[in-house]
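S.K.: Structure incoming, see below.
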Amino acid sequence: MVKLSFYGGVKEIGGNKILLEDNGTKIFLDFGMSFGRRGLYFEEYLTPRTANGIGDFLTMKLIPDIPGIYREDLLEHIGRKPEEPNVQGVLLSHAHADHANYISFLHKDIPIYCGETCKNILEAVSEQSQRSIENEVMDFKPRPLYRKDYKKPPIPRIFKTFRTGDKIKIDALEIEPIHVDHSVPGAYGFIIYTSDGIIVYTGDLRMHGLHSEMTSDFIEAAREAKPKVMITEGTRIDIDKTNESEEKVYERSKEKLMKNKKTSIIDFNFKDIDRFRTFYRISRELDKKLVISFKHACFLEKYHRDPKLKAPDSRDENIMLLKPKRLTGTYINEDYTERYIKERLDYPNIITAEEIAKKPEDYIVVLNFWYFNTLIDLKPDSGVYIHSLSEPFNEEMEISFERMMNWLKFFNLKFVQAHCSGHINGVDLKKLILNINPKELYPIHTEHPEMFRKLGIKTKMVREGKTYKV
Ligand SMILES: [Zn+2]
Ligand SMILES: [Zn+2]
């Protein structure tokens, strides 16, 4: 008998944690963090306590309380006995936090199956972010009860990577990962051959990106498989056909940056390599240097080593690394303690905000809102700021957005919105589903599952924590 249980991504965007059981075999499809649910109780300065290990997460139902999946050290920490893992693996669709991050809590012997590029991105994330119990995907530091044990080295996780064309076997299950286009490279959908028919899982995908042919490959393979069940994302099921594309982001941004004779600031998500390429292309065409941070360099170097991604190195002649101001404020090498910065201090292309301020028209600076205090050193008297991210969609984001606008106003920077979404629009999604034509549909990763009912396909309104027989 084949069963599906949904522990996240139900009536919410992201946080997917789907348990698939085929007789004795159990696997998870993603094990992500739910931003929405976390935000119900926690915010910037009110966070789950590291000192309480997994306890705060279980109590506040940020993760499901199921046996045989969690780290031994975390269970012992809350006074439970360690458990042997009874799940044979996690199929990770892509490297976004809402699909990957809560792997942190899982037992060290549960292998993670993901694309090679996906693993590279997770490595870049771990290299430049501060270790916390919520992002220990690559490896984790056991949290024992006794202080003397705190010095022990991190325990690595087991990763098994694949590329399109590979087939994975986990006990009796056979799985075919197929690339899809999304706002991060190394994203996959899955065709899963169970003892009771075929299950298709879309992960996150889109048709309007630069690599729609990858999503088409997935659709084609899924259609031919004649699936019994399809688990589909539905982030933008309520959005009609849109006019967005990466090319439009390029055109709009280039036009604004070309006209601008003063400071140019941009912001985008560095996990999105297509967006990086868009701005890299613009900077070269306008004969400006693209200034990135040391954090960005960690990502770029991973991309550069992946020949399929065709990305320049972080020491490329058109790229510069912005040195952050630390400790003494004088940029001496002794000021830096983080490894990802220290290891790169001898790069030839490092620049400071003060140096950029002397000739701002020569640069395009990638600057995230959280680093806007750097504007004080960049001293713009006018210029343009390109916000190449989604617009705020909740109250917290609105507040940050307002604050961001205050900074822009203060430094006389003109706000420009130029973005295209990582998610398929409603029209394309309906077409995709009808094309694959599953016998039954399970919409997740959406706030509007009821909208899928109109398609004339038997549709399950999934309930959290409930188990469904396929
Ligand atoms: Zn997602
Ligand atoms: Zn995603």
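Ligands are numbered from 1 in the order shown, residues from 1 within each chain, and chains are lettered A, B, ... in the order they appear in the structure tokens.
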Which residues are near ligand 1 - at most 9 Å, using only C-alpha atoms and all ligand atoms? Format: as a PyMOL selection string.
M.R.: chain A and resi 9+13-16+32+94+96-99+203-205+233+235+423+445
S.K.: When you look at range 430-436 of chain A with a cut-off of 7 Å (counting only C-alpha atoms), what residues show up, excluding the ones that are within fewer than 6 positions of it in the same chain? I need them as JSON, numbers by chain.
M.R.: {"A": [219, 222, 223]}
S.K.: Write to file, as a short mmCIF file (atom, residue, chain, number, x, y, z; two decimals), in the first residue's frame, the residues of the selection just made, with N, CA and C atoms.
M.R.:
```
data_model
loop_
_atom_site.label_atom_id
_atom_site.label_comp_id
_atom_site.auth_asym_id
_atom_site.auth_seq_id
_atom_site.Cartn_x
_atom_site.Cartn_y
_atom_site.Cartn_z
N ILE A 219 7.50 18.01 -18.10
CA ILE A 219 6.08 17.81 -18.44
C ILE A 219 5.94 16.59 -19.35
N ALA A 222 6.57 13.35 -17.49
CA ALA A 222 5.50 13.10 -16.53
C ALA A 222 4.23 12.66 -17.26
N ARG A 223 3.95 13.26 -18.42
CA ARG A 223 2.76 12.92 -19.21
C ARG A 223 2.85 11.48 -19.69
#
```
S.K.: At a cut-off of 7 Å, using only C-alpha atoms, what residues contact Asp381 in chain A? Leave out same-chain residues fewer than 2 positions from it and give the result as a list of chain:residue names.
M.R.: A:Lys379, A:Phe411, A:Asn412
S.K.: May I have the selected residues written with C-alpha atoms, as a PDB file, in the first residue's frame?
M.R.:
```
ATOM      1  CA  LYS A 379      27.730  58.818  -0.038  1.00  0.00           C
ATOM      2  CA  PHE A 411      20.336  59.550  -0.495  1.00  0.00           C
ATOM      3  CA  ASN A 412      18.263  60.697  -3.458  1.00  0.00           C
TER       4      ASN A 412
END
```
S.K.: Pull the strand (DSSP E or B) assignments for range 204-449 of chain A out of DSSP run on the backbone, and list those residues as an MDAnalysis selection string.
M.R.: chainID A and resid 229:233 236 263:267 289:293 319:322 350:351 363:366 383:387 413:417 425 440:444
S.K.: In range 194-355 of chain A, what's alpha helix (DSSP H) per DSSP? Answer as number ranges by chain?
M.R.: A: 212-224, 246-259, 273-285, 294-305, 339-342, 353-355
S.K.: Name the closest residue to ligand 2 among the candidates A:Glu247, A:Glu343, A:Asp272, A:Glu21; distances are taken between atoms, counting only C-alpha atoms and all ligand atoms.
M.R.: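 Counting only C-alpha atoms and all ligand atoms, the residue closest to ligand 2 is A:Asp272.
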S.K.: Could you give me, as a list in words, the residues within 8 Å of Ala95 in chain A, counting only C-alpha atoms and dropping anything in the same chain fewer than 5 positions from it?
M.R.: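 The neighbour list is Ala100, Cys118, Lys119, Ile121, Leu122, Val184, Gly186 and Ala187 of chain A.
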S.K.: Take the residues just selected and output them with C-alpha atoms as an mmCIF file, in the first residue's frame.
M.R.:
```cif
data_model
loop_
_atom_site.group_PDB
_atom_site.id
_atom_site.type_symbol
_atom_site.label_atom_id
_atom_site.label_comp_id
_atom_site.auth_asym_id
_atom_site.auth_seq_id
_atom_site.Cartn_x
_atom_site.Cartn_y
_atom_site.Cartn_z
ATOM 1 C CA ALA A 100 15.789 22.382 2.383
ATOM 2 C CA CYS A 118 21.798 22.009 -5.531
ATOM 3 C CA LYS A 119 24.470 20.590 -3.228
ATOM 4 C CA ILE A 121 24.556 25.981 -3.539
ATOM 5 C CA LEU A 122 23.898 24.495 -0.101
ATOM 6 C CA VAL A 184 17.658 28.725 -8.581
ATOM 7 C CA GLY A 186 19.762 22.620 -9.892
ATOM 8 C CA ALA A 187 15.960 22.415 -9.433
#
```
S.K.: I'd like to know which of A:Glu255, A:Glu317, A:Asp65, A:Asp139 is closest to Arg284 in chain A, using only C-alpha atoms.
M.R.: A:Glu317
S.K.: Record the distance separating CA of Ala311 in chain A and CA of Ile282 in chain A, expressed in Å with one decimal.
M.R.: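 Taking CA of Ala311 in chain A and CA of Ile282 in chain A, their separation equals 14.4 Å.
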S.K.: As an exercise, work out the distance from CA of Asp217 in chain A to CA of Pro177 in chain A in Å and give it to one decimal place.
M.R.: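 Answer for the CA of Asp217 in chain A to CA of Pro177 in chain A separation: 11.0 Å.
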S.K.: May I ask for the distance between CA of Val229 in chain A and CA of Glu440 in chain A, given in Å to one decimal place?
M.R.: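 Separation between CA of Val229 in chain A and CA of Glu440 in chain A: 4.8 Å.
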S.K.: Fewer than 2 positions away in the same chain doesn't count, so skip those; otherwise give me all residues within 12 Å of Glu447 in chain A, counting only C-alpha atoms, as a PyMOL selection string.
M.R.: chain A and resi 9-14+36+233-238+443-445+449-452+461-462
S.K.: Emit the selected residues as an mmCIF file, in the first residue's frame, including N, CA and C atoms.
M.R.:
```cif
data_model
loop_
_atom_site.group_PDB
_atom_site.id
_atom_site.type_symbol
_atom_site.label_atom_id
_atom_site.label_comp_id
_atom_site.auth_asym_id
_atom_site.auth_seq_id
_atom_site.Cartn_x
_atom_site.Cartn_y
_atom_site.Cartn_z
ATOM 1 N N GLY A 9 3.683 22.820 3.893
ATOM 2 C CA GLY A 9 3.305 23.220 2.543
ATOM 3 C C GLY A 9 1.799 23.129 2.334
ATOM 4 N N VAL A 10 1.053 22.908 3.421
ATOM 5 C CA VAL A 10 -0.396 22.779 3.328
ATOM 6 C C VAL A 10 -1.036 24.145 3.566
ATOM 7 N N LYS A 11 -1.739 24.651 2.581
ATOM 8 C CA LYS A 11 -2.358 25.986 2.634
ATOM 9 C C LYS A 11 -1.335 27.069 2.973
ATOM 10 N N GLU A 12 -0.109 26.849 2.587
ATOM 11 C CA GLU A 12 0.935 27.850 2.811
ATOM 12 C C GLU A 12 1.953 27.721 1.680
ATOM 13 N N ILE A 13 2.699 28.812 1.464
ATOM 14 C CA ILE A 13 3.692 28.804 0.394
ATOM 15 C C ILE A 13 5.030 28.380 0.965
ATOM 16 N N GLY A 14 5.428 27.150 0.667
ATOM 17 C CA GLY A 14 6.700 26.621 1.156
ATOM 18 C C GLY A 14 6.566 25.846 2.449
ATOM 19 N N GLY A 36 5.997 31.123 6.957
ATOM 20 C CA GLY A 36 4.711 31.631 7.425
ATOM 21 C C GLY A 36 4.435 31.175 8.842
ATOM 22 N N GLU A 233 2.957 22.194 -7.096
ATOM 23 C CA GLU A 233 3.045 23.503 -6.443
ATOM 24 C C GLU A 233 1.945 24.390 -7.009
ATOM 25 N N GLY A 234 1.519 25.404 -6.255
ATOM 26 C CA GLY A 234 0.452 26.280 -6.747
ATOM 27 C C GLY A 234 0.592 27.698 -6.241
ATOM 28 N N THR A 235 1.835 28.139 -6.070
ATOM 29 C CA THR A 235 2.110 29.469 -5.505
ATOM 30 C C THR A 235 1.259 30.559 -6.146
ATOM 31 N N ARG A 236 1.196 30.539 -7.504
ATOM 32 C CA ARG A 236 0.542 31.662 -8.199
ATOM 33 C C ARG A 236 -0.654 31.198 -9.036
ATOM 34 N N ILE A 237 -1.362 30.196 -8.519
ATOM 35 C CA ILE A 237 -2.538 29.697 -9.240
ATOM 36 C C ILE A 237 -3.564 30.818 -9.464
ATOM 37 N N ASP A 238 -3.547 31.829 -8.587
ATOM 38 C CA ASP A 238 -4.524 32.919 -8.687
ATOM 39 C C ASP A 238 -4.060 34.053 -9.607
ATOM 40 N N PRO A 443 -2.786 19.549 -4.608
ATOM 41 C CA PRO A 443 -2.130 20.863 -4.661
ATOM 42 C C PRO A 443 -1.516 21.231 -3.304
ATOM 43 N N ILE A 444 -0.253 21.639 -3.319
ATOM 44 C CA ILE A 444 0.409 22.117 -2.097
ATOM 45 C C ILE A 444 1.163 23.407 -2.432
ATOM 46 N N HIS A 445 1.920 23.945 -1.443
ATOM 47 C CA HIS A 445 2.727 25.147 -1.695
ATOM 48 C C HIS A 445 1.835 26.240 -2.303
ATOM 49 N N PRO A 449 -5.707 26.168 -2.620
ATOM 50 C CA PRO A 449 -5.862 24.825 -3.205
ATOM 51 C C PRO A 449 -7.226 24.631 -3.871
ATOM 52 N N GLU A 450 -8.251 25.345 -3.372
ATOM 53 C CA GLU A 450 -9.609 25.152 -3.914
ATOM 54 C C GLU A 450 -9.697 25.568 -5.384
ATOM 55 N N MET A 451 -8.786 26.446 -5.821
ATOM 56 C CA MET A 451 -8.840 26.910 -7.213
ATOM 57 C C MET A 451 -8.502 25.805 -8.218
ATOM 58 N N PHE A 452 -7.882 24.724 -7.717
ATOM 59 C CA PHE A 452 -7.510 23.621 -8.610
ATOM 60 C C PHE A 452 -8.716 22.742 -8.959
ATOM 61 N N MET A 461 -8.177 18.090 -1.263
ATOM 62 C CA MET A 461 -7.885 19.256 -0.434
ATOM 63 C C MET A 461 -7.082 18.734 0.758
ATOM 64 N N VAL A 462 -5.775 18.806 0.620
ATOM 65 C CA VAL A 462 -4.875 18.177 1.582
ATOM 66 C C VAL A 462 -5.014 18.809 2.963
#
```
S.K.: So that I can check the surroundings of Tyr102 in chain A, please list as an MDAnalysis selection string every protein, DNA and RNA residue that reaches within 6 Å of it, counting only C-alpha atoms and ignoring chain neighbours fewer than 3 positions away.
M.R.: chainID A and resid 31:33 105
S.K.: Excluding Arg163 in chain A and any residue of its chain fewer than 4 positions from it, enumerate the residues within 10 Å of it, using only C-alpha atoms, and give them as an MDAnalysis selection string.
M.R.: chainID A and resid 114:117 167 176:179 186 188
S.K.: Here is a test: counting only C-alpha atoms and all ligand atoms, which residue of A:Gly189, A:Gly422, A:Pro360, A:Pro154 is nearest to ligand 2?
M.R.: A:Gly422
S.K.: Which of these, A:Asn135, A:Thr446, A:Ser400, A:Ser390, has the shortest distance to Trp370 in chain A once you count only C-alpha atoms?
M.R.: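 Of the candidates, the smallest distance to Trp370 in chain A is held by A:Ser400.
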S.K.: Which is closer to ligand 2 than all the others in A:Ile198, A:Leu441, A:Ser183, A:Ile27, using only C-alpha atoms and all ligand atoms?
M.R.: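 Nearest candidate to ligand 2 out of A:Ile198, A:Leu441, A:Ser183, A:Ile27: A:Ser183.
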S.K.: Smallest atom-to-atom distance to Val291 in chain A: which of A:His77, A:Lys359, A:Lys323, A:Arg71, using only C-alpha atoms?
M.R.: A:Lys323
